[in-house]
>>> print(open('upload35.cif').read())   # mmCIF, C-alpha atoms and all ligand atoms
data_run
#
loop_
_atom_site.group_PDB
_atom_site.id
_atom_site.type_symbol
_atom_site.label_atom_id
_atom_site.label_comp_id
_atom_site.auth_asym_id
_atom_site.auth_seq_id
_atom_site.Cartn_x
_atom_site.Cartn_y
_atom_site.Cartn_z
ATOM 1 C CA MET A 1 0.000 0.000 0.000
ATOM 2 C CA THR A 2 1.319 3.352 -0.806
ATOM 3 C CA PHE A 3 0.548 6.720 -2.222
ATOM 4 C CA GLU A 4 2.715 9.096 -4.189
ATOM 5 C CA ARG A 5 2.333 12.836 -4.599
ATOM 6 C CA THR A 6 3.714 14.389 -7.785
ATOM 7 C CA GLU A 7 3.414 17.984 -8.974
ATOM 8 C CA SER A 8 0.330 17.249 -11.068
ATOM 9 C CA LYS A 9 -1.305 14.279 -9.372
ATOM 10 C CA LEU A 10 -1.740 11.885 -6.490
ATOM 11 C CA ILE A 11 -1.323 8.158 -7.123
ATOM 12 C CA LEU A 12 -2.708 5.415 -4.869
ATOM 13 C CA ARG A 13 -1.361 1.862 -5.119
ATOM 14 C CA HIS A 14 -3.096 -1.083 -3.470
ATOM 15 C CA THR A 15 -0.933 -4.075 -2.453
ATOM 16 C CA LYS A 16 -3.016 -6.348 -4.710
ATOM 17 C CA GLY A 17 -2.274 -4.183 -7.775
ATOM 18 C CA PRO A 18 -5.174 -1.714 -8.252
ATOM 19 C CA THR A 19 -4.247 1.946 -8.689
ATOM 20 C CA VAL A 20 -5.998 5.315 -8.735
ATOM 21 C CA GLU A 21 -4.680 8.606 -10.125
ATOM 22 C CA ILE A 22 -6.157 11.914 -8.989
ATOM 23 C CA LEU A 23 -5.267 15.192 -10.670
ATOM 24 C CA TRP A 24 -4.848 18.101 -8.221
ATOM 25 C CA TYR A 25 -6.681 20.149 -10.825
ATOM 26 C CA GLY A 26 -10.345 19.568 -10.076
ATOM 27 C CA ALA A 27 -9.497 16.612 -7.790
ATOM 28 C CA THR A 28 -10.454 14.734 -10.935
ATOM 29 C CA ILE A 29 -9.937 10.975 -10.775
ATOM 30 C CA LEU A 30 -8.141 10.265 -14.062
ATOM 31 C CA SER A 31 -7.605 6.549 -13.801
ATOM 32 C CA TRP A 32 -8.763 3.544 -11.804
ATOM 33 C CA LYS A 33 -7.165 0.253 -12.726
ATOM 34 C CA SER A 34 -8.793 -2.745 -11.112
ATOM 35 C CA GLY A 35 -9.450 -6.422 -11.677
ATOM 36 C CA SER A 36 -12.563 -8.277 -10.598
ATOM 37 C CA LYS A 37 -13.226 -11.424 -8.574
ATOM 38 C CA SER A 38 -13.751 -13.456 -11.754
ATOM 39 C CA ASN A 39 -10.884 -11.844 -13.706
ATOM 40 C CA PRO A 40 -7.973 -10.537 -11.628
ATOM 41 C CA ALA A 41 -6.219 -8.874 -14.616
ATOM 42 C CA LEU A 42 -6.067 -5.122 -14.055
ATOM 43 C CA SER A 43 -7.862 -2.971 -16.584
ATOM 44 C CA GLU A 44 -8.769 0.714 -16.860
ATOM 45 C CA ARG A 45 -12.251 1.480 -15.536
ATOM 46 C CA ILE A 46 -12.401 5.242 -16.162
ATOM 47 C CA PHE A 47 -12.513 6.836 -19.619
ATOM 48 C CA VAL A 48 -10.454 9.943 -20.425
ATOM 49 C CA SER A 49 -10.362 11.354 -23.944
ATOM 50 C CA SER A 50 -6.864 11.237 -25.440
ATOM 51 C CA LYS A 51 -7.506 14.815 -26.646
ATOM 52 C CA SER A 52 -8.294 16.141 -23.162
ATOM 53 C CA PRO A 53 -5.878 18.769 -21.841
ATOM 54 C CA LEU A 54 -4.722 17.843 -18.320
ATOM 55 C CA ASP A 55 -2.877 21.107 -17.679
ATOM 56 C CA GLY A 56 -5.618 23.026 -15.899
ATOM 57 C CA SER A 57 -6.654 24.986 -18.984
ATOM 58 C CA GLU A 58 -10.125 23.392 -18.997
ATOM 59 C CA PRO A 59 -11.985 20.650 -17.098
ATOM 60 C CA VAL A 60 -10.872 17.121 -17.919
ATOM 61 C CA ARG A 61 -12.899 15.503 -20.718
ATOM 62 C CA GLY A 62 -13.396 12.233 -18.889
ATOM 63 C CA GLY A 63 -12.457 10.910 -15.469
ATOM 64 C CA ILE A 64 -14.679 11.742 -12.512
ATOM 65 C CA PRO A 65 -15.087 15.536 -12.582
ATOM 66 C CA LEU A 66 -16.697 16.959 -9.439
ATOM 67 C CA VAL A 67 -19.744 19.115 -10.005
ATOM 68 C CA PHE A 68 -20.357 21.817 -7.331
ATOM 69 C CA PRO A 69 -22.208 24.062 -6.445
ATOM 70 C CA CYS A 70 -24.472 23.937 -9.535
ATOM 71 C CA PHE A 71 -25.363 21.154 -11.941
ATOM 72 C CA ALA A 72 -25.418 22.189 -15.630
ATOM 73 C CA TYR A 73 -25.874 25.900 -16.357
ATOM 74 C CA PRO A 74 -26.767 27.887 -13.253
ATOM 75 C CA THR A 75 -30.406 28.477 -12.422
ATOM 76 C CA HIS A 76 -30.032 29.623 -8.790
ATOM 77 C CA PRO A 77 -29.566 33.364 -8.148
ATOM 78 C CA ASP A 78 -26.440 32.643 -6.022
ATOM 79 C CA HIS A 79 -24.821 30.885 -8.988
ATOM 80 C CA GLN A 80 -25.369 33.402 -11.770
ATOM 81 C CA LYS A 81 -21.657 34.093 -12.329
ATOM 82 C CA LEU A 82 -20.717 30.405 -12.511
ATOM 83 C CA GLY A 83 -20.062 28.351 -15.617
ATOM 84 C CA ILE A 84 -21.593 24.977 -16.447
ATOM 85 C CA HIS A 85 -21.211 22.486 -13.531
ATOM 86 C CA GLY A 86 -19.735 25.134 -11.176
ATOM 87 C CA PHE A 87 -16.111 25.659 -10.180
ATOM 88 C CA ALA A 88 -14.955 22.559 -8.234
ATOM 89 C CA ARG A 89 -13.734 20.756 -11.363
ATOM 90 C CA ASN A 90 -11.594 23.684 -12.489
ATOM 91 C CA GLU A 91 -9.777 24.680 -9.312
ATOM 92 C CA TYR A 92 -6.614 23.215 -7.803
ATOM 93 C CA TRP A 93 -7.331 21.125 -4.703
ATOM 94 C CA LYS A 94 -4.920 20.637 -1.793
ATOM 95 C CA TRP A 95 -3.570 17.557 -0.072
ATOM 96 C CA ASP A 96 -5.291 17.099 3.285
ATOM 97 C CA GLY A 97 -3.866 13.817 4.531
ATOM 98 C CA ASN A 98 -3.806 10.078 4.364
ATOM 99 C CA ILE A 99 -6.688 8.570 6.335
ATOM 100 C CA THR A 100 -6.104 4.822 6.075
ATOM 101 C CA ASP A 101 -3.270 2.791 4.601
ATOM 102 C CA ASN A 102 -3.486 -0.944 5.247
ATOM 103 C CA ASP A 103 -3.710 -4.216 3.339
ATOM 104 C CA TYR A 104 -7.448 -3.774 2.889
ATOM 105 C CA GLU A 105 -7.730 -0.162 1.708
ATOM 106 C CA ILE A 106 -5.970 3.125 1.157
ATOM 107 C CA SER A 107 -7.812 6.377 1.679
ATOM 108 C CA VAL A 108 -6.760 9.980 1.074
ATOM 109 C CA LYS A 109 -8.322 13.408 1.516
ATOM 110 C CA LEU A 110 -8.149 16.492 -0.710
ATOM 111 C CA ALA A 111 -9.631 19.864 0.199
ATOM 112 C CA LEU A 112 -10.884 23.023 -1.487
ATOM 113 C CA ASP A 113 -11.481 26.394 0.178
ATOM 114 C CA PRO A 114 -12.423 29.709 -1.401
ATOM 115 C CA VAL A 115 -9.556 31.367 -3.306
ATOM 116 C CA PRO A 116 -9.656 34.671 -5.240
ATOM 117 C CA SER A 117 -10.769 32.975 -8.489
ATOM 118 C CA ILE A 118 -13.736 31.474 -6.605
ATOM 119 C CA TRP A 119 -14.545 34.658 -4.638
ATOM 120 C CA ALA A 120 -14.745 36.441 -7.999
ATOM 121 C CA VAL A 121 -17.756 34.333 -8.997
ATOM 122 C CA TYR A 122 -19.205 32.982 -5.746
ATOM 123 C CA ASP A 123 -19.565 34.836 -2.437
ATOM 124 C CA LYS A 124 -20.412 31.975 -0.014
ATOM 125 C CA SER A 125 -17.806 30.711 2.414
ATOM 126 C CA PHE A 126 -17.476 26.915 2.286
ATOM 127 C CA HIS A 127 -15.058 24.055 2.793
ATOM 128 C CA LEU A 128 -14.981 20.935 0.595
ATOM 129 C CA ASP A 129 -13.329 17.652 1.525
ATOM 130 C CA TYR A 130 -12.978 14.873 -1.020
ATOM 131 C CA VAL A 131 -12.162 11.447 0.378
ATOM 132 C CA VAL A 132 -11.082 8.799 -2.130
ATOM 133 C CA THR A 133 -10.765 5.202 -0.950
ATOM 134 C CA LEU A 134 -9.321 2.321 -2.954
ATOM 135 C CA SER A 135 -9.794 -1.333 -2.036
ATOM 136 C CA GLU A 136 -9.247 -4.448 -4.134
ATOM 137 C CA TYR A 137 -12.312 -4.195 -6.382
ATOM 138 C CA THR A 138 -13.947 -0.993 -5.143
ATOM 139 C CA LEU A 139 -13.472 2.746 -5.513
ATOM 140 C CA LYS A 140 -15.271 5.050 -3.073
ATOM 141 C CA THR A 141 -15.657 8.805 -3.505
ATOM 142 C CA ASP A 142 -17.098 10.925 -0.673
ATOM 143 C CA LEU A 143 -17.701 14.650 -1.077
ATOM 144 C CA HIS A 144 -18.124 16.611 2.170
ATOM 145 C CA VAL A 145 -19.556 20.123 1.951
ATOM 146 C CA THR A 146 -19.298 22.387 5.008
ATOM 147 C CA ASN A 147 -20.949 25.776 5.331
ATOM 148 C CA THR A 148 -18.327 28.048 6.929
ATOM 149 C CA SER A 149 -20.387 31.193 6.419
ATOM 150 C CA ALA A 150 -22.836 32.937 8.758
ATOM 151 C CA ALA A 151 -25.930 32.245 6.637
ATOM 152 C CA PRO A 152 -27.471 29.142 5.033
ATOM 153 C CA PHE A 153 -26.622 28.421 1.396
ATOM 154 C CA GLU A 154 -28.081 26.135 -1.287
ATOM 155 C CA PHE A 155 -26.087 23.909 -3.602
ATOM 156 C CA GLN A 156 -26.098 20.970 -5.978
ATOM 157 C CA ALA A 157 -23.315 18.373 -6.316
ATOM 158 C CA LEU A 158 -22.590 15.420 -8.589
ATOM 159 C CA PHE A 159 -19.975 12.826 -9.516
ATOM 160 C CA HIS A 160 -19.663 13.040 -13.321
ATOM 161 C CA THR A 161 -18.282 9.487 -13.678
ATOM 162 C CA TYR A 162 -17.135 8.339 -17.135
ATOM 163 C CA HIS A 163 -17.270 4.505 -16.958
ATOM 164 C CA VAL A 164 -15.246 2.623 -19.576
ATOM 165 C CA CYS A 165 -17.594 0.268 -21.474
ATOM 166 C CA PRO A 166 -18.677 -0.723 -24.983
ATOM 167 C CA THR A 167 -21.299 1.995 -25.459
ATOM 168 C CA LYS A 168 -23.477 0.058 -27.875
ATOM 169 C CA ASP A 169 -23.833 -2.874 -25.468
ATOM 170 C CA VAL A 170 -24.029 -1.201 -22.059
ATOM 171 C CA ARG A 171 -27.297 -1.329 -20.121
ATOM 172 C CA ILE A 172 -28.224 0.417 -16.876
ATOM 173 C CA LYS A 173 -30.914 -0.399 -14.330
ATOM 174 C CA PRO A 174 -33.110 -0.031 -12.319
ATOM 175 C CA LEU A 175 -34.662 3.169 -13.666
ATOM 176 C CA LYS A 176 -38.072 1.859 -14.800
ATOM 177 C CA GLY A 177 -41.031 3.894 -13.561
ATOM 178 C CA LEU A 178 -38.940 6.968 -12.685
ATOM 179 C CA THR A 179 -39.581 10.497 -13.896
ATOM 180 C CA TYR A 180 -36.770 11.870 -16.035
ATOM 181 C CA TYR A 181 -35.962 15.026 -17.926
ATOM 182 C CA ASP A 182 -34.705 14.437 -21.474
ATOM 183 C CA LYS A 183 -32.248 17.206 -22.359
ATOM 184 C CA THR A 184 -31.884 15.999 -25.953
ATOM 185 C CA GLU A 185 -35.446 17.190 -26.681
ATOM 186 C CA LEU A 186 -36.107 20.710 -25.540
ATOM 187 C CA ILE A 187 -39.554 22.283 -25.639
ATOM 188 C CA ASP A 188 -39.434 26.081 -25.219
ATOM 189 C CA GLY A 189 -35.858 25.598 -24.026
ATOM 190 C CA LYS A 190 -36.904 23.102 -21.334
ATOM 191 C CA PRO A 191 -36.112 19.362 -21.200
ATOM 192 C CA THR A 192 -38.990 17.027 -22.003
ATOM 193 C CA LYS A 193 -40.445 15.337 -18.913
ATOM 194 C CA ARG A 194 -40.969 11.592 -19.370
ATOM 195 C CA ILE A 195 -41.590 8.413 -17.398
ATOM 196 C CA GLU A 196 -39.006 5.671 -17.988
ATOM 197 C CA ASP A 197 -40.697 2.528 -19.314
ATOM 198 C CA ARG A 198 -37.599 0.465 -20.131
ATOM 199 C CA ASP A 199 -36.364 -2.347 -17.879
ATOM 200 C CA THR A 200 -32.802 -1.423 -18.811
ATOM 201 C CA VAL A 201 -31.623 1.870 -20.285
ATOM 202 C CA ASP A 202 -29.199 2.030 -23.215
ATOM 203 C CA VAL A 203 -27.163 4.861 -24.728
ATOM 204 C CA THR A 204 -27.196 3.708 -28.352
ATOM 205 C CA SER A 205 -28.407 7.160 -29.395
ATOM 206 C CA TRP A 206 -27.477 10.602 -27.973
ATOM 207 C CA THR A 207 -28.625 10.455 -24.349
ATOM 208 C CA ASP A 208 -28.796 13.242 -21.761
ATOM 209 C CA SER A 209 -31.368 12.245 -19.146
ATOM 210 C CA VAL A 210 -31.776 13.449 -15.578
ATOM 211 C CA TYR A 211 -33.665 10.895 -13.461
ATOM 212 C CA GLU A 212 -35.417 12.204 -10.380
ATOM 213 C CA SER A 213 -35.524 10.569 -6.938
ATOM 214 C CA THR A 214 -33.650 7.412 -7.880
ATOM 215 C CA SER A 215 -32.984 4.335 -5.750
ATOM 216 C CA GLY A 216 -29.299 5.119 -5.185
ATOM 217 C CA THR A 217 -28.195 1.627 -6.305
ATOM 218 C CA TYR A 218 -27.473 0.853 -9.965
ATOM 219 C CA GLU A 219 -26.222 -1.968 -12.152
ATOM 220 C CA ILE A 220 -24.172 -1.099 -15.217
ATOM 221 C CA ARG A 221 -23.695 -4.184 -17.398
ATOM 222 C CA TRP A 222 -22.235 -5.196 -20.746
ATOM 223 C CA PRO A 223 -21.433 -8.647 -22.144
ATOM 224 C CA GLY A 224 -18.595 -10.009 -20.017
ATOM 225 C CA GLY A 225 -18.417 -7.161 -17.519
ATOM 226 C CA GLY A 226 -19.981 -4.488 -15.442
ATOM 227 C CA VAL A 227 -19.929 -2.463 -12.261
ATOM 228 C CA ASP A 228 -22.305 -1.931 -9.372
ATOM 229 C CA VAL A 229 -22.797 1.597 -8.070
ATOM 230 C CA THR A 230 -24.213 2.484 -4.674
ATOM 231 C CA THR A 231 -24.679 6.039 -3.495
ATOM 232 C CA SER A 232 -25.725 7.994 -0.472
ATOM 233 C CA ASN A 233 -27.458 11.400 -0.348
ATOM 234 C CA MET A 234 -27.324 11.676 -4.149
ATOM 235 C CA ASP A 235 -31.045 11.777 -4.990
ATOM 236 C CA ASP A 236 -30.840 11.980 -8.789
ATOM 237 C CA LEU A 237 -28.984 10.219 -11.589
ATOM 238 C CA VAL A 238 -27.810 11.591 -14.927
ATOM 239 C CA ILE A 239 -27.149 9.240 -17.843
ATOM 240 C CA TRP A 240 -25.117 10.909 -20.581
ATOM 241 C CA ASN A 241 -23.460 9.876 -23.818
ATOM 242 C CA PRO A 242 -23.197 12.423 -26.655
ATOM 243 C CA GLN A 243 -22.751 9.914 -29.508
ATOM 244 C CA ALA A 244 -21.218 11.406 -32.678
ATOM 245 C CA ILE A 245 -23.999 13.971 -33.139
ATOM 246 C CA ALA A 246 -23.115 15.926 -29.980
ATOM 247 C CA GLY A 247 -19.660 14.401 -29.348
ATOM 248 C CA ARG A 248 -18.103 15.942 -32.469
ATOM 249 C CA LYS A 249 -19.002 19.385 -31.131
ATOM 250 C CA ILE A 250 -16.824 18.814 -28.045
ATOM 251 C CA ALA A 251 -13.309 19.940 -28.975
ATOM 252 C CA ALA A 252 -11.493 17.785 -26.397
ATOM 253 C CA MET A 253 -13.437 14.609 -27.234
ATOM 254 C CA GLU A 254 -11.448 12.162 -29.331
ATOM 255 C CA GLU A 255 -13.078 10.888 -32.542
ATOM 256 C CA GLY A 256 -15.139 7.808 -31.633
ATOM 257 C CA GLY A 257 -14.611 8.367 -27.894
ATOM 258 C CA TRP A 258 -18.376 8.179 -27.418
ATOM 259 C CA ASP A 259 -18.172 4.467 -28.339
ATOM 260 C CA ASN A 260 -16.117 3.710 -25.240
ATOM 261 C CA PHE A 261 -17.920 5.128 -22.185
ATOM 262 C CA VAL A 262 -21.155 5.889 -20.454
ATOM 263 C CA CYS A 263 -21.489 8.676 -17.918
ATOM 264 C CA VAL A 264 -23.565 7.508 -14.956
ATOM 265 C CA GLU A 265 -23.656 10.527 -12.673
ATOM 266 C CA PRO A 266 -25.138 10.310 -9.175
ATOM 267 C CA GLY A 267 -25.910 13.711 -7.733
ATOM 268 C CA LEU A 268 -28.224 16.419 -6.529
ATOM 269 C CA ALA A 269 -29.086 17.648 -10.006
ATOM 270 C CA LEU A 270 -32.669 18.904 -9.785
ATOM 271 C CA ALA A 271 -33.438 20.341 -6.347
ATOM 272 C CA PHE A 272 -31.025 22.245 -4.092
ATOM 273 C CA GLU A 273 -29.707 21.105 -0.727
ATOM 274 C CA THR A 274 -29.864 23.760 1.983
ATOM 275 C CA LEU A 275 -26.915 23.804 4.359
ATOM 276 C CA GLN A 276 -27.069 25.717 7.651
ATOM 277 C CA PRO A 277 -24.017 27.620 8.978
ATOM 278 C CA GLY A 278 -21.474 25.309 10.615
ATOM 279 C CA LYS A 279 -23.167 22.191 9.230
ATOM 280 C CA SER A 280 -21.806 19.568 6.824
ATOM 281 C CA TRP A 281 -23.349 17.337 4.181
ATOM 282 C CA VAL A 282 -21.779 14.207 2.664
ATOM 283 C CA GLY A 283 -22.575 12.677 -0.728
ATOM 284 C CA LYS A 284 -21.120 9.270 -1.563
ATOM 285 C CA GLN A 285 -20.493 7.034 -4.559
ATOM 286 C CA GLU A 286 -19.150 3.478 -4.318
ATOM 287 C CA ILE A 287 -18.239 1.590 -7.521
ATOM 288 C CA THR A 288 -17.469 -2.128 -7.426
ATOM 289 C CA VAL A 289 -16.231 -4.131 -10.395
ATOM 290 C CA ARG A 290 -18.335 -7.236 -11.062
HETATM 291 O O1 LIG R 1 -19.371 19.476 -21.427
HETATM 292 P P1 LIG R 1 -19.532 19.371 -19.945
HETATM 293 O O2 LIG R 1 -19.646 20.717 -19.278
HETATM 294 O O3 LIG R 1 -18.465 18.520 -19.313
HETATM 295 O O4 LIG R 1 -20.892 18.621 -19.699
HETATM 296 C C1 LIG R 1 -21.110 17.373 -20.269
HETATM 297 C C2 LIG R 1 -22.558 16.928 -20.019
HETATM 298 O O5 LIG R 1 -22.722 16.729 -18.634
HETATM 299 C C3 LIG R 1 -23.977 16.168 -18.286
HETATM 300 O O6 LIG R 1 -24.018 15.980 -16.908
HETATM 301 C C4 LIG R 1 -25.084 17.096 -18.717
HETATM 302 O O7 LIG R 1 -26.349 16.535 -18.425
HETATM 303 C C5 LIG R 1 -24.962 17.374 -20.208
HETATM 304 O O8 LIG R 1 -25.971 18.296 -20.617
HETATM 305 C C6 LIG R 1 -23.585 17.920 -20.532
HETATM 306 O O9 LIG R 1 -23.468 18.089 -21.924
#
>>> encode(input="upload35.cif", output="structure tokens")
Amino acid sequence: MTFERTESKLILRHTKGPTVEILWYGATILSWKSGSKSNPALSERIFVSSKSPLDGSEPVRGGIPLVFPCFAYPTHPDHQKLGIHGFARNEYWKWDGNITDNDYEISVKLALDPVPSIWAVYDKSFHLDYVVTLSEYTLKTDLHVTNTSAAPFEFQALFHTYHVCPTKDVRIKPLKGLTYYDKTELIDGKPTKRIEDRDTVDVTSWTDSVYESTSGTYEIRWPGGGVDVTTSNMDDLVIWNPQAIAGRKIAAMEEGGWDNFVCVEPGLALAFETLQPGKSWVGKQEITVR
């Protein structure tokens, strides 16, 4: 078990072989190599476009970008100066310690506090902790939000996880019966509200769906593989894949990249969480290779 801090990233190494790489920029998880119980060979579980800059000039196109304090373009009056998905994914995070380091798991903490570039666009005082834990077949991400200001504030948060998979074959469940907002079909600029009637959801065409009040436990499967995702305090789930039609408009997306991932994004994406002064909130994601 060990971890290594370089100028650009933090690397975790589990004694059984799995590794995780976290960029200081955005605290973005860039890589998770893990085997599974049925196939111990290590393979990459997180997609990053080969065209993505990793130098802090723009958010990583892939990985697990952290979305805070607004999901998508801002709608809340407190967020009007923010860009899409807020600022957490495009600020440099700081090392905040090694929590556990044993044969079972290794766990580290990164932190983000307001800096002038954040104060310029957001006037709430906050503290973010990001705890990343690696065990043999599982990656856990915990985002802690603390209100360090004198008044309540409202926020959204989300793990924008790009799972490596064969896009045409991947299926996600259980989402049947849930209300979702389809952002690929706008009516008067608003996503179309639908009820999911499929047992399993695919991303064989351009998909940008925000599911409301989800179960918090998901199965992502493709022939010969898959992952299980469990979450805590993340009420909604976004399923996104741009396919060629929207993917070719993204400069940092490699040609055909959309064939190799699905974004399954647990978060608070629709309503806002209210946090009282001095209080903390924790949102969690746990991904286990099948
Ligand atoms: O291009 P970005 O800012 O990384 O966002 C990618 C996608 O992120 C998803 O979460 C949104 O639902 C999509 O609408 C958006 O296109």
>>> resolve_selection(input="upload35.cif", expression="the PyMOL selection byres (((not hetatm)) within 6 of (chain R and resi 1))", output="ChimeraX atom specification")
/A:72,84,208,240
>>> closest_residue(input="upload35.cif", among="A:Ser205, A:Thr2, A:Asn260, A:Asn147", to="A:Asn98", atoms="all atoms listed in the file")
A:Thr2
>>> closest_atom_pairs(input="upload35.cif", of="stretch 109-218 of chain A", to="stretch 34-43 of chain A", cutoff="10 Å", atoms="all atoms listed in the file", output="Markdown table")
| residue | atom | partner | partner_atom | distance |
| --- | --- | --- | --- | --- |
| A:Leu134 | CA | A:Ser34 | CA | 9.6 |
| A:Ser135 | CA | A:Ser34 | CA | 9.2 |
| A:Glu136 | CA | A:Ser34 | CA | 7.2 |
| A:Tyr137 | CA | A:Ser36 | CA | 5.9 |
| A:Thr138 | CA | A:Ser34 | CA | 8.1 |
| A:Leu139 | CA | A:Ser34 | CA | 9.1 |
| A:Val164 | CA | A:Ser43 | CA | 9.7 |
>>> write_last_selection(input="upload35.cif", atoms="C-alpha atoms", output="short mmCIF file (atom, residue, chain, number, x, y, z; two decimals), in the frame of the given file")
data_model
loop_
_atom_site.label_atom_id
_atom_site.label_comp_id
_atom_site.auth_asym_id
_atom_site.auth_seq_id
_atom_site.Cartn_x
_atom_site.Cartn_y
_atom_site.Cartn_z
CA LEU A 134 -9.32 2.32 -2.95
CA SER A 135 -9.79 -1.33 -2.04
CA GLU A 136 -9.25 -4.45 -4.13
CA TYR A 137 -12.31 -4.20 -6.38
CA THR A 138 -13.95 -0.99 -5.14
CA LEU A 139 -13.47 2.75 -5.51
CA VAL A 164 -15.25 2.62 -19.58
#
>>> residues_around(input="upload35.cif", residues="A:Gln243", least_positions_apart="4", cutoff="8 Å", atoms="all atoms listed in the file", output="PyMOL selection string")
chain A and resi 204-207+247+258-259
>>> resolve_selection(input="upload35.cif", expression="the PyMOL selection byres (((chain A and resi 149) around 10) and not hetatm)", output="number ranges by chain")
A: 123-127, 146-148, 150-153, 276-279
>>> resolve_selection(input="upload35.cif", expression="the PyMOL selection byres (((chain A and resi 145) around 6) and not hetatm)", output="ChimeraX atom specification")
/A:128,144,146,280-281
>>> residues_near_point(input="upload35.cif", point="(-7.7, 2.5, 5.6)", cutoff="10 Å", atoms="all atoms listed in the file", output="ChimeraX atom specification")
/A:1,98-108,133-135
>>> residues_around(input="upload35.cif", residues="stretch 91-97 of chain A", least_positions_apart="6", cutoff="10 Å", atoms="all atoms listed in the file", output="PDB file with C-alpha atoms, in the coordinates of the input")
ATOM      1  CA  ARG A   5       2.333  12.836  -4.599  1.00  0.00           C
ATOM      2  CA  SER A   8       0.330  17.249 -11.068  1.00  0.00           C
ATOM      3  CA  LEU A  10      -1.740  11.885  -6.490  1.00  0.00           C
ATOM      4  CA  LEU A  23      -5.267  15.192 -10.670  1.00  0.00           C
ATOM      5  CA  TRP A  24      -4.848  18.101  -8.221  1.00  0.00           C
ATOM      6  CA  TYR A  25      -6.681  20.149 -10.825  1.00  0.00           C
ATOM      7  CA  GLY A  26     -10.345  19.568 -10.076  1.00  0.00           C
ATOM      8  CA  ALA A  27      -9.497  16.612  -7.790  1.00  0.00           C
ATOM      9  CA  THR A  28     -10.454  14.734 -10.935  1.00  0.00           C
ATOM     10  CA  GLY A  56      -5.618  23.026 -15.899  1.00  0.00           C
ATOM     11  CA  GLU A  58     -10.125  23.392 -18.997  1.00  0.00           C
ATOM     12  CA  PRO A  59     -11.985  20.650 -17.098  1.00  0.00           C
ATOM     13  CA  SER A 107      -7.812   6.377   1.679  1.00  0.00           C
ATOM     14  CA  VAL A 108      -6.760   9.980   1.074  1.00  0.00           C
ATOM     15  CA  LYS A 109      -8.322  13.408   1.516  1.00  0.00           C
ATOM     16  CA  LEU A 110      -8.149  16.492  -0.710  1.00  0.00           C
ATOM     17  CA  ALA A 111      -9.631  19.864   0.199  1.00  0.00           C
ATOM     18  CA  LEU A 112     -10.884  23.023  -1.487  1.00  0.00           C
ATOM     19  CA  ASP A 113     -11.481  26.394   0.178  1.00  0.00           C
ATOM     20  CA  PRO A 114     -12.423  29.709  -1.401  1.00  0.00           C
ATOM     21  CA  VAL A 115      -9.556  31.367  -3.306  1.00  0.00           C
ATOM     22  CA  SER A 117     -10.769  32.975  -8.489  1.00  0.00           C
ATOM     23  CA  ILE A 118     -13.736  31.474  -6.605  1.00  0.00           C
ATOM     24  CA  LEU A 128     -14.981  20.935   0.595  1.00  0.00           C
ATOM     25  CA  ASP A 129     -13.329  17.652   1.525  1.00  0.00           C
ATOM     26  CA  TYR A 130     -12.978  14.873  -1.020  1.00  0.00           C
ATOM     27  CA  VAL A 131     -12.162  11.447   0.378  1.00  0.00           C
TER      28      VAL A 131
END
>>> closest_residue(input="upload35.cif", among="A:Phe47, A:Glu265, A:Leu270, A:Ala252", to="A:Tyr181", atoms="all atoms listed in the file")
A:Leu270
>>> atom_distance(input="upload35.cif", atom1="atom CA of A:Leu54", atom2="atom CA of A:Lys33")
18.6 Å
>>> residues_around(input="upload35.cif", residues="A:Asp235", least_positions_apart="3", cutoff="7 Å", atoms="all atoms listed in the file", output="PyMOL selection string")
chain A and resi 212-214+216+267-268
>>> axis_aligned_box(input="upload35.cif", around="stretch 178-185 of chain A", padding_each_side="4 Å", output="JSON")
{"center_x": -35.7, "center_y": 12.1, "center_z": -19.7, "size_x": 15.7, "size_y": 18.2, "size_z": 22.0}
>>> closest_residue(input="upload35.cif", among="A:Val132, A:Ser52, A:His79, A:Arg198", to="A:Thr19", atoms="all atoms listed in the file")
A:Val132
>>> atom_distance(input="upload35.cif", atom1="atom CA of A:Gln80", atom2="atom CA of A:Val121")
8.2 Å
>>> closest_residue(input="upload35.cif", among="A:Asp228, A:Ala157, A:Tyr180, A:Ala271", to="A:Lys284", atoms="all atoms listed in the file")
A:Ala157
>>> closest_residue(input="upload35.cif", among="A:Ser215, A:Phe87, A:Asp142, A:Thr161", to="A:Trp32", atoms="only C-alpha atoms")
A:Thr161
>>> closest_residue(input="upload35.cif", among="A:Met253, A:Asp188, A:Thr288, A:Val60", to="A:Tyr218", atoms="all atoms listed in the file")
A:Thr288
>>> residues_around(input="upload35.cif", residues="A:Cys70", least_positions_apart="4", cutoff="9 Å", atoms="all atoms listed in the file", output="VMD selection string")
chain A and resid 74 to 76 79 82 to 87 155 to 158 268 to 269 272
>>> residues_near_point(input="upload35.cif", point="(-9.6, 9.8, -25.2)", cutoff="8 Å", atoms="all atoms listed in the file", output="list in words")
Phe47, Val48, Ser49, Ser50, Lys51, Ser52, Arg61, Gly62, Met253, Glu254 and Gly257 of chain A
>>> decode(input="upload35.cif", residues="stretch 48-60 of chain A", atoms="C-alpha atoms", output="compact mmCIF listing (two decimals), in the first residue's frame")
# COMPACT_ATOMS: atom_id res chain seq x y z
CA VAL A 48 -10.45 9.94 -20.42
CA SER A 49 -10.36 11.35 -23.94
CA SER A 50 -6.86 11.24 -25.44
CA LYS A 51 -7.51 14.82 -26.65
CA SER A 52 -8.29 16.14 -23.16
CA PRO A 53 -5.88 18.77 -21.84
CA LEU A 54 -4.72 17.84 -18.32
CA ASP A 55 -2.88 21.11 -17.68
CA GLY A 56 -5.62 23.03 -15.90
CA SER A 57 -6.65 24.99 -18.98
CA GLU A 58 -10.13 23.39 -19.00
CA PRO A 59 -11.99 20.65 -17.10
CA VAL A 60 -10.87 17.12 -17.92
